[in-house]
4 protein chains.
Amino acid sequence: MGILLTGGTVVTAVDTYQADVRLEGEQVAAIGHCITKAGDEVVDVSGCYLFPGGIDPHTHFDLPIGTMRTADDFASGSKAALIGGTTTIIDYATQFRGESLQEGLNNWRKLAQDKCYVDYAFHMAITEWNDAVAREMESLVTEQGVTSFKLYMAYKNVLQVDDGVLLSAFRQAARCGAILCLHCENGDVIDTLVRQAVQQGQTTPRYHSLTRPALVEEEATRRAVLLAKMANARLYVVHLTCTGALAAVREAQNAGQPVYAETCPQYLLLDETYYNKAGFEGAKYVISPPLRSRDNQPELWQGLINGTLQSVATDHCSFNFIGQKDLGLHDFSKIPSGMPGVETRLSLLYTYGVADGRINLNQFVALTATNPAKIFGLYPRKGTIAVGSDADITVWDPRYEGVISAKTQAQLVDYSPFEGFEQKGQAKYVYLRGRLVVAEGQLTSSQAGGQYLCRKPYSTGEN
Amino acid sequence: MGILLTGGTVVTAVDTYQADVRLEGEQVAAIGHCITKAGDEVVDVSGCYLFPGGIDPHTHFDLPIGTMRTADDFASGSKAALIGGTTTIIDYATQFRGESLQEGLNNWRKLAQDKCYVDYAFHMAITEWNDAVAREMESLVTEQGVTSFKLYMAYKNVLQVDDGVLLSAFRQAARCGAILCLHCENGDVIDTLVRQAVQQGQTTPRYHSLTRPALVEEEATRRAVLLAKMANARLYVVHLTCTGALAAVREAQNAGQPVYAETCPQYLLLDETYYNKAGFEGAKYVISPPLRSRDNQPELWQGLINGTLQSVATDHCSFNFIGQKDLGLHDFSKIPSGMPGVETRLSLLYTYGVADGRINLNQFVALTATNPAKIFGLYPRKGTIAVGSDADITVWDPRYEGVISAKTQAQLVDYSPFEGFEQKGQAKYVYLRGRLVVAEGQLTSSQAGGQYLCRKPYSTGEN
Amino acid sequence: MGILLTGGTVVTAVDTYQADVRLEGEQVAAIGHCITKAGDEVVDVSGCYLFPGGIDPHTHFDLPIGTMRTADDFASGSKAALIGGTTTIIDYATQFRGESLQEGLNNWRKLAQDKCYVDYAFHMAITEWNDAVAREMESLVTEQGVTSFKLYMAYKNVLQVDDGVLLSAFRQAARCGAILCLHCENGDVIDTLVRQAVQQGQTTPRYHSLTRPALVEEEATRRAVLLAKMANARLYVVHLTCTGALAAVREAQNAGQPVYAETCPQYLLLDETYYNKAGFEGAKYVISPPLRSRDNQPELWQGLINGTLQSVATDHCSFNFIGQKDLGLHDFSKIPSGMPGVETRLSLLYTYGVADGRINLNQFVALTATNPAKIFGLYPRKGTIAVGSDADITVWDPRYEGVISAKTQAQLVDYSPFEGFEQKGQAKYVYLRGRLVVAEGQLTSSQAGGQYLCRKPYSTGEN
Amino acid sequence: MGILLTGGTVVTAVDTYQADVRLEGEQVAAIGHCITKAGDEVVDVSGCYLFPGGIDPHTHFDLPIGTMRTADDFASGSKAALIGGTTTIIDYATQFRGESLQEGLNNWRKLAQDKCYVDYAFHMAITEWNDAVAREMESLVTEQGVTSFKLYMAYKNVLQVDDGVLLSAFRQAARCGAILCLHCENGDVIDTLVRQAVQQGQTTPRYHSLTRPALVEEEATRRAVLLAKMANARLYVVHLTCTGALAAVREAQNAGQPVYAETCPQYLLLDETYYNKAGFEGAKYVISPPLRSRDNQPELWQGLINGTLQSVATDHCSFNFIGQKDLGLHDFSKIPSGMPGVETRLSLLYTYGVADGRINLNQFVALTATNPAKIFGLYPRKGTIAVGSDADITVWDPRYEGVISAKTQAQLVDYSPFEGFEQKGQAKYVYLRGRLVVAEGQLTSSQAGGQYLCRKPYSTGEN
């Protein structure tokens, strides 16, 4: 009646050991030797690692931008996630101006409903602030399990809020036990630089990078840290890319401030020279913040090792090269910003992190599952392999060797930013709440079995 | 035939969950629900936490100092350890001048043999360096499982080595996969200050503290960090007490240097005002480094939370107030330096750390067991509750409330430095490799069942 | 035909020595022994220091705020300056919205013309930015000797500009050889805090301080430093008050960035407890940034000593307690912000700096005259006692002892923020371009002899 | 009866202005226009800068090392100094073991007496410490004008003292108003590395550099700073070469600790690649600390600009390549350590500092004269051009262009480490206490007219 995964090596954020894992219903029922029960289905996972199913805390599926939507919706995006070994995503729902938070959340819940193959939750992006929104923040936390909110320091006149709003939001978040996710780039400066570049005819993709230099990210990150400090609130810096921002985060942590930060595989593995590719190729890498110079990367890896960075997310936000990215063919500022990644997160971090000896297996698990679960209130239901936790298990075969390519990907987008990258290891089987959803690298079902996840607020006394 | 601990909450360095734990032979066989086997002894541990048995990586049992020995030998000290919830110690064996490392190690193994109630290993303290010693370091690592070595930057003319020796030792350790434990105080400066104080008739216990100011520890710690950096070697700073030394460690860690550090309960909870106690009372607190001003403590706690400090040890080194400490009645420099603590480590850290909300349960386990096990090559056999690990389990009853007192302690010493301190929680049952050794807070056997532990060297690629 | 000041001690930013100083026409003609010429007027200045006339680089005379103007206009303000030993001011001319820079400058030049008793120059405050303003910046630098410009990061909807404007202004300043003076407080955050305080009925003067915490200044200072770095431009931080901002400035300087900063006597000597004075007294101290906690002061003094801070200015901006400050009797946000100080700058810094042993005479001169002259392009005409420089000399009698009081001040305002403060030393004689303007502490003429000063731009290669 | 230098530009550490300078007797009598007296000798110095005569605070003339002495004695060395524009040196007298300080000082005074062409003072190097030496320190300060003392952290078994001695010396220096000059390299580590290198047959000059890595200097500098802090004493770090040591000094200064540091032209202009020169050429550059990698140089220059480094000295300690350096032909550890430089200090710093736009004229004067004079108690007699100061004036002709070469140097040594370096500017005339000693770049007299200088102790209250 249960499922026995036998012969594998269980990996948590702290332990690595050989044991059988027995799933019953939707949970892990037992771990150990000789724990099989009559009627159990026995699955041989010899030679494989059992990772807690990955949690990607930063995706944008079915996101409307101007007149278009991202290439991946919740169906295609979440299928790609599963194939890559990720069983939970936290997507960003957005309150567009004029909407209530509730309206924004409802819109996104509808987009995901019955289409999402992984379990899912939402951060709520706030673009307008007033007393009503403040009250809604509280009710979303307590009644709907939305315990993290995002604000943008960039995208002037669209998503950007001013520092007074940031402080107000931090204060309310601190009251509610919520955490704020901040996009840290100085939007006013970027707006000036972009307008000036376009005016001067600097319109190719590389100007995307040149008009968003690392200093605008460092500046905004320092500002975010100080605003959070004023409010005694928790801060999660999304998609951190550069050493200056990393230093800002580290200094705050050393002083005991509850600041967390994520980076993404693209910032660890790609760099700004990609914008110089021939023709319009650079547009594939137009993301915000942009790719940086390669000398930022050793410190980012070091940040993953020494705990400055808690999380590796994807910021998956895919646009087709043909038909979408090319909107900016003659003006980089019109290129939709974003790239795919939800499918390749685990394999890239495993290949270039674990297999290359930069991080160990426990750090891999912490970064891809346990830490995001703890920071965002999903733990202990998600994020670990422990008795009583959801049986979200990624059976990882480290012997697999392949090459990443758009031709073979599940993501519904016409290119891969990691085209040609070597891949070591693969999600051989994936279980979502005890149900086999991927076998031998293929989806086993055409049913979208993902559930909406209510998350817990932070309560004082936790660390 | 096994033992089933049922109804408790398993705590590891990352997870906290309710599950039964089944011990079979000397290991943990299974964790989960419905895992009992016919013939199992079932022990109800409802309401209790199951912690991995504590590892105290810094004890001095049966240590000879001049003409005396510490009050606790391996028998009394290890019994006290067990009662306090600690199942493994790493004691410091010493090569006295003129001896080989092997002779030193043999001496200590004899002291422990058949007398130690907990599993035990040895760091090897080196007081002389030459080519033969360098070769012995390697053979101790590879053949006898001694993978950590200690050197003293203090105790001039006795234990202290010079910086050339330190560098040589670091280099050899890096080659062998060993880690160096350093006592970081500037012995030359202390020697000068002590001689001068005694000469000026400043002989009461408080001058112990005044002749070893925090700056001599900060200085030595910075020096140790830079010497380790030159050798590309791993460093473990023992008994760190002050903010300056903490900053030195943190800066090194931020730069990616493999530096680890421990502190002790006395530095977290007592302070230098204890040296001003009436009469000769201050002698009870004569330890090296000495107690510091109270304003160091918030940063030390912060260091436990943010990972700068990996370990809470005791530096247990007990001397009776009557008959030993009083040797220095008229000259503080003759007071034997050290205090007991192996028995109260877990209860103090639980009471003032966990119960007071400073650290959480997972951090408690990491600091008292998992981190020391990983750093010193005992993991995964020791330091966690995982299938296949030794069944060293401390069943902790958080409902216990008591008061620490010399009258009720197991430590064979005539005072307690924590006399009158409140205690929350207690090791209700303790299992050592599957065998019940403490029940209801009392030893259950008069047999010394501790084993010598061979430890693993560090191998490149681990973090 | 010349004037010989004999028997005094000449003090420059580096030297202190006894010598006669001979003035001829408007300049210093000679320094030495036996330099008198036939016909010289000989003035005995035995026992006195000869300081270069003070330069106050931050005043607001005759400033319109809403429906009122400051209590001091250029006549009363500059007379008070002279009596206090200051012979040059740099006042802030303002471009109000809708005006060109030229219009703003013209307005201020008219206010000063024929009324100012000290030599004067203007920083130009910019409140709107566009291509025309950018071009005006250049012409003001090259044609009118205005080589410093001010922008406000505070005063939302009134003076505040956004970060894009700041960057653009920095870039243009770097091109023109100009320096930007920034008021570093986060106006968006302050606006939010003030509105919220008022809304909650928190209307007494102390809420002025609580709604502008030190962190908003630290944040803005860090932002200013990073924006200047992006533009490779020179930055002068006005009225720096707190340790966080000081650290931001110091870090930039250590990295070789040309960042300068001033503080004011009120931040060195008064503190936030003044806001708790009985009744409405606190309003006298309503300035922006507000007075801080006393623990900032040792680091500010240290910054004066170690060169982090180059300048002590006053931000003189006086409002009468009766009739002006009381506009905010029921709402702190309506209290006009500012206090007098131009008269007491030298005596306070001498009394509490030099006489109290915190700084030496050379540092005193550097901070009050030489550094401002060099930073703002007045040097070597102003700011030192050297052959060929303007004969602006303050003959300082260190034997004077008195008490500061509104009753005896020249400033045309009905209170003194330093009421009752001890004063050591006094400007016994003051010479402006070779003309005696103060004798025995009294003005010697009723004629406004101040000249407008064209300043030099910065040219690459200077340090 | 006086001398009038007319038409030149006077440069001090703060001012630059055109004026005549009138010398009378040994002092500067007047500066200004129209100051000539009947009978004055008038010297046209049009187009030249008048610098205060250079002060080289770090020379070793006639130094015995083992069986040899340095190539330059006080005659040849001081002649070279004059020709280079330096009018004062502070040489290092040494107490060899077994001697009293007084004996050491007497030995050096005899070496200089009647042979030295520049004014001179001595730092006293202490190699043994006891109560008698402590008392001597005080009497040298108060009775013989020796107010600075040197201790070595390197040269094990020869000059090196331990940290207890350092602390004792710092404490006594603080009592006496003296300053300690420290050679900051970790001698124990160097000794170990050198013995090991030689043992392994690594004997070419480049191993001199490899056995004294920058980290041993950084370590010792940090240690020196902390020991000075413990004693509340003043520290002057000699010949600082690397970024790590610079950071240690800067951090101390930021915290208000009175720490000063010097660097030398060789560390600003040469680098460790010189040790790889063909044959035995590298021996010419064997100095301690050794030349470093080029990437240290920008931060050293920055340290000169922002005031972290106060002084540019030479550590002139010359040995002939043939007959002296070649003692170490087969063993780098036998190469006498040191190089010449007293002659080229000003021209190198002028050429690569001022003419290349790295520093300005005032900084040049501060670094080469004013700061050393102030730090070491020679000011205001030496170190500036001011009325009443000694008429030590270097008339610098900036139009001179030449090339540095051993062939043309005055230094009595058979090579120049700066062979072939471009030189801009030259000491056209040099006056020592009012007497012309160099004209058109040539000595004008064969008489050694240097005087011994009694220096002043530091007194509290100075900065």
# chains A, B, ... in the order shown; residues from 1 in each chain; ligands from 1
$ residues_around --residues "stretch 191-198 of chain D" --least-positions-apart "5" --cutoff "6 Å" --atoms "only C-alpha atoms" --output "mmCIF file with C-alpha atoms, in the first residue's frame"
data_model
loop_
_atom_site.group_PDB
_atom_site.id
_atom_site.type_symbol
_atom_site.label_atom_id
_atom_site.label_comp_id
_atom_site.auth_asym_id
_atom_site.auth_seq_id
_atom_site.Cartn_x
_atom_site.Cartn_y
_atom_site.Cartn_z
ATOM 1 C CA GLY B 164 57.668 29.124 12.600
ATOM 2 C CA THR D 203 69.267 29.531 -3.161
ATOM 3 C CA THR D 211 60.556 33.349 1.909
#
$ select_by_dssp --residues "stretch 218-423 of chain B" --states "strand (DSSP E)" --output "MDAnalysis selection string"
chainID B and resid 235:237 259:263 311:312 393:403 422:423
$ interface_residues --of "chain C" --to "chain D" --cutoff "6 Å" --atoms "only C-alpha atoms" --output "list in words"
Ala29, Ala30, Ile31, Gly32, His33, Gly357, Val387 and Gly461 of chain C
$ select_by_dssp --residues "stretch 186-427 of chain C" --states "alpha helix (DSSP H)" --output "PyMOL selection string"
chain C and resi 187-199+206-210+214-231+243-254+265-269+297-306+345-349+361-365+371-375
$ write_last_selection --atoms "C-alpha atoms" --output "tab-separated table (two decimals), in the first residue's frame"
chain	number	residue	atom	x	y	z
C	187	GLY	CA	12.93	62.50	1.52
C	188	ASP	CA	10.45	59.82	0.56
C	189	VAL	CA	10.89	58.04	3.85
C	190	ILE	CA	10.75	61.28	5.83
C	191	ASP	CA	7.60	62.32	4.04
C	192	THR	CA	5.95	59.04	4.98
C	193	LEU	CA	7.07	59.24	8.59
C	194	VAL	CA	6.00	62.83	8.99
C	195	ARG	CA	2.56	62.29	7.51
C	196	GLN	CA	2.05	59.29	9.70
C	197	ALA	CA	3.20	61.12	12.85
C	198	VAL	CA	0.98	64.09	12.24
C	199	GLN	CA	-1.93	61.82	11.45
C	206	ARG	CA	10.56	65.97	19.32
C	207	TYR	CA	8.72	64.26	16.48
C	208	HIS	CA	10.79	66.32	14.09
C	209	SER	CA	13.72	64.26	15.26
C	210	LEU	CA	11.88	60.95	15.39
C	214	ALA	CA	19.93	58.80	11.49
C	215	LEU	CA	19.32	55.82	9.20
C	216	VAL	CA	17.63	58.03	6.59
C	217	GLU	CA	20.77	60.13	6.51
C	218	GLU	CA	23.08	57.12	6.37
C	219	GLU	CA	21.01	55.65	3.55
C	220	ALA	CA	21.02	58.81	1.48
C	221	THR	CA	24.73	59.35	2.06
C	222	ARG	CA	25.54	55.85	0.83
C	223	ARG	CA	23.34	56.45	-2.20
C	224	ALA	CA	25.01	59.77	-2.92
C	225	VAL	CA	28.44	58.15	-2.72
C	226	LEU	CA	27.46	55.42	-5.17
C	227	LEU	CA	25.86	57.84	-7.61
C	228	ALA	CA	28.99	59.99	-7.53
C	229	LYS	CA	31.05	56.88	-8.16
C	230	MET	CA	28.97	56.00	-11.19
C	231	ALA	CA	29.64	59.42	-12.64
C	243	THR	CA	28.38	57.66	12.45
C	244	GLY	CA	26.66	55.72	9.69
C	245	ALA	CA	27.05	58.53	7.19
C	246	LEU	CA	30.60	59.10	8.37
C	247	ALA	CA	31.45	55.47	7.66
C	248	ALA	CA	30.00	55.75	4.17
C	249	VAL	CA	32.20	58.78	3.46
C	250	ARG	CA	35.29	57.16	4.96
C	251	GLU	CA	34.92	53.97	2.98
C	252	ALA	CA	34.66	55.95	-0.24
C	253	GLN	CA	37.73	58.00	0.61
C	254	ASN	CA	39.71	54.87	1.44
C	265	PRO	CA	29.06	72.94	15.59
C	266	GLN	CA	25.52	72.03	16.58
C	267	TYR	CA	26.12	68.38	15.70
C	268	LEU	CA	29.36	68.37	17.67
C	269	LEU	CA	27.96	70.05	20.77
C	297	GLN	CA	29.92	62.96	18.70
C	298	PRO	CA	33.20	61.22	19.53
C	299	GLU	CA	33.32	59.78	16.02
C	300	LEU	CA	32.54	63.14	14.47
C	301	TRP	CA	35.43	64.71	16.37
C	302	GLN	CA	37.57	61.79	15.32
C	303	GLY	CA	36.52	62.47	11.73
C	304	LEU	CA	37.74	66.05	12.06
C	305	ILE	CA	41.09	64.80	13.34
C	306	ASN	CA	41.72	62.03	10.84
C	345	ARG	CA	31.36	78.99	14.57
C	346	LEU	CA	34.96	79.95	15.27
C	347	SER	CA	34.52	80.54	18.96
C	348	LEU	CA	32.75	77.23	19.53
C	349	LEU	CA	35.29	75.25	17.56
C	361	LEU	CA	45.50	75.05	15.87
C	362	ASN	CA	46.44	73.90	12.39
C	363	GLN	CA	43.43	71.62	12.18
C	364	PHE	CA	41.28	74.51	13.36
C	365	VAL	CA	42.50	76.63	10.47
C	371	ASN	CA	39.85	73.26	3.28
C	372	PRO	CA	36.65	75.04	2.28
C	373	ALA	CA	38.73	77.44	0.17
C	374	LYS	CA	40.46	74.56	-1.61
C	375	ILE	CA	37.38	72.44	-2.11
$ residues_around --residues "stretch 426-439 of chain A" --least-positions-apart "3" --cutoff "8 Å" --atoms "only C-alpha atoms" --output "PyMOL selection string"
chain A and resi 3+23-28+53+82-85+87+118+347+390-398+400+442-445
$ write_last_selection --atoms "C-alpha atoms" --output "PDB file, in the first residue's frame"
ATOM      1  CA  ILE A   3       5.992   2.710  -1.840  1.00  0.00           C
ATOM      2  CA  LEU A  23       6.043   6.565   1.376  1.00  0.00           C
ATOM      3  CA  GLU A  24       2.510   6.111   2.500  1.00  0.00           C
ATOM      4  CA  GLY A  25      -0.303   8.280   1.249  1.00  0.00           C
ATOM      5  CA  GLU A  26       1.124  11.699   0.622  1.00  0.00           C
ATOM      6  CA  GLN A  27       3.849  11.586   3.267  1.00  0.00           C
ATOM      7  CA  VAL A  28       7.105   9.959   4.123  1.00  0.00           C
ATOM      8  CA  GLY A  53      11.792  17.749  -4.324  1.00  0.00           C
ATOM      9  CA  LEU A  82       8.895  18.430 -12.646  1.00  0.00           C
ATOM     10  CA  ILE A  83      11.151  17.033 -15.326  1.00  0.00           C
ATOM     11  CA  GLY A  84      13.946  19.051 -13.814  1.00  0.00           C
ATOM     12  CA  GLY A  85      13.285  17.695 -10.331  1.00  0.00           C
ATOM     13  CA  THR A  87       8.080  19.828  -7.164  1.00  0.00           C
ATOM     14  CA  VAL A 118       3.689  21.062  -9.212  1.00  0.00           C
ATOM     15  CA  SER A 347      20.999  19.935 -13.148  1.00  0.00           C
ATOM     16  CA  ASP A 390       5.265  15.523   2.076  1.00  0.00           C
ATOM     17  CA  ALA A 391       6.609  12.708  -0.017  1.00  0.00           C
ATOM     18  CA  ASP A 392       8.096  15.057  -2.614  1.00  0.00           C
ATOM     19  CA  ILE A 393      11.173  13.178  -3.627  1.00  0.00           C
ATOM     20  CA  THR A 394      13.529  13.635  -6.510  1.00  0.00           C
ATOM     21  CA  VAL A 395      15.446  10.458  -7.243  1.00  0.00           C
ATOM     22  CA  TRP A 396      18.613  11.768  -8.769  1.00  0.00           C
ATOM     23  CA  ASP A 397      20.758   9.576 -10.921  1.00  0.00           C
ATOM     24  CA  PRO A 398      24.282  11.004 -10.794  1.00  0.00           C
ATOM     25  CA  TYR A 400      23.470  10.447 -16.240  1.00  0.00           C
ATOM     26  CA  GLN A 442       9.518  11.549 -18.636  1.00  0.00           C
ATOM     27  CA  LEU A 443       6.219  12.801 -17.263  1.00  0.00           C
ATOM     28  CA  THR A 444       4.031   9.875 -16.277  1.00  0.00           C
ATOM     29  CA  SER A 445       0.747  11.636 -16.335  1.00  0.00           C
TER      30      SER A 445
END
$ atom_distance --atom1 "atom CA of B:Trp108" --atom2 "atom CA of B:Tyr236"
21.7 Å
$ atom_distance --atom1 "atom CA of C:Ser78" --atom2 "atom CA of C:Thr147"
21.7 Å
$ residues_around --residues "C:Ala112" --least-positions-apart "3" --cutoff "9 Å" --atoms "only C-alpha atoms" --output "PyMOL selection string"
chain C and resi 61-62+73-75+108-109+115-116+120+450+452
$ write_last_selection --atoms "N, CA, C and O atoms" --output "PDB file, in the first residue's frame"
ATOM      1  N   PHE C  61      21.205  83.148   3.987  1.00  0.00           N
ATOM      2  CA  PHE C  61      20.791  84.488   4.397  1.00  0.00           C
ATOM      3  C   PHE C  61      19.611  84.919   3.516  1.00  0.00           C
ATOM      4  O   PHE C  61      19.601  84.655   2.309  1.00  0.00           O
ATOM      5  N   ASP C  62      18.660  85.583   4.144  1.00  0.00           N
ATOM      6  CA  ASP C  62      17.516  86.150   3.415  1.00  0.00           C
ATOM      7  C   ASP C  62      16.790  85.090   2.576  1.00  0.00           C
ATOM      8  O   ASP C  62      16.321  85.360   1.472  1.00  0.00           O
ATOM      9  N   ASP C  73      19.188  88.728   7.123  1.00  0.00           N
ATOM     10  CA  ASP C  73      19.442  88.950   5.703  1.00  0.00           C
ATOM     11  C   ASP C  73      20.954  89.066   5.501  1.00  0.00           C
ATOM     12  O   ASP C  73      21.732  88.759   6.417  1.00  0.00           O
ATOM     13  N   PHE C  74      21.376  89.453   4.327  1.00  0.00           N
ATOM     14  CA  PHE C  74      22.809  89.493   4.074  1.00  0.00           C
ATOM     15  C   PHE C  74      23.511  90.556   4.917  1.00  0.00           C
ATOM     16  O   PHE C  74      24.693  90.413   5.221  1.00  0.00           O
ATOM     17  N   ALA C  75      22.814  91.605   5.298  1.00  0.00           N
ATOM     18  CA  ALA C  75      23.437  92.628   6.127  1.00  0.00           C
ATOM     19  C   ALA C  75      23.678  92.096   7.532  1.00  0.00           C
ATOM     20  O   ALA C  75      24.813  92.012   8.009  1.00  0.00           O
ATOM     21  N   TRP C 108      19.599  85.936  -6.049  1.00  0.00           N
ATOM     22  CA  TRP C 108      20.430  85.939  -4.841  1.00  0.00           C
ATOM     23  C   TRP C 108      21.500  87.027  -4.904  1.00  0.00           C
ATOM     24  O   TRP C 108      21.832  87.622  -3.898  1.00  0.00           O
ATOM     25  N   ARG C 109      22.034  87.245  -6.096  1.00  0.00           N
ATOM     26  CA  ARG C 109      23.053  88.287  -6.181  1.00  0.00           C
ATOM     27  C   ARG C 109      22.454  89.647  -5.812  1.00  0.00           C
ATOM     28  O   ARG C 109      23.105  90.464  -5.172  1.00  0.00           O
ATOM     29  N   LYS C 115      24.838  94.836   0.348  1.00  0.00           N
ATOM     30  CA  LYS C 115      24.370  94.591   1.717  1.00  0.00           C
ATOM     31  C   LYS C 115      25.333  93.704   2.496  1.00  0.00           C
ATOM     32  O   LYS C 115      25.246  93.594   3.709  1.00  0.00           O
ATOM     33  N   CYS C 116      26.218  93.061   1.779  1.00  0.00           N
ATOM     34  CA  CYS C 116      27.004  92.018   2.429  1.00  0.00           C
ATOM     35  C   CYS C 116      28.340  92.574   2.927  1.00  0.00           C
ATOM     36  O   CYS C 116      29.090  93.185   2.168  1.00  0.00           O
ATOM     37  N   TYR C 120      31.645  87.121  -0.633  1.00  0.00           N
ATOM     38  CA  TYR C 120      30.633  86.068  -0.742  1.00  0.00           C
ATOM     39  C   TYR C 120      30.654  85.420  -2.122  1.00  0.00           C
ATOM     40  O   TYR C 120      31.047  86.019  -3.107  1.00  0.00           O
ATOM     41  N   GLY C 450      31.568  93.835   1.253  1.00  0.00           N
ATOM     42  CA  GLY C 450      31.810  92.491   0.705  1.00  0.00           C
ATOM     43  C   GLY C 450      31.794  92.479  -0.808  1.00  0.00           C
ATOM     44  O   GLY C 450      31.042  93.212  -1.437  1.00  0.00           O
ATOM     45  N   TYR C 452      31.570  90.059  -4.434  1.00  0.00           N
ATOM     46  CA  TYR C 452      31.213  88.763  -5.010  1.00  0.00           C
ATOM     47  C   TYR C 452      32.476  88.077  -5.510  1.00  0.00           C
ATOM     48  O   TYR C 452      33.318  88.694  -6.169  1.00  0.00           O
TER      49      TYR C 452
END
$ atom_distance --atom1 "atom CA of C:Leu453" --atom2 "atom CA of C:Gly338"
25.5 Å
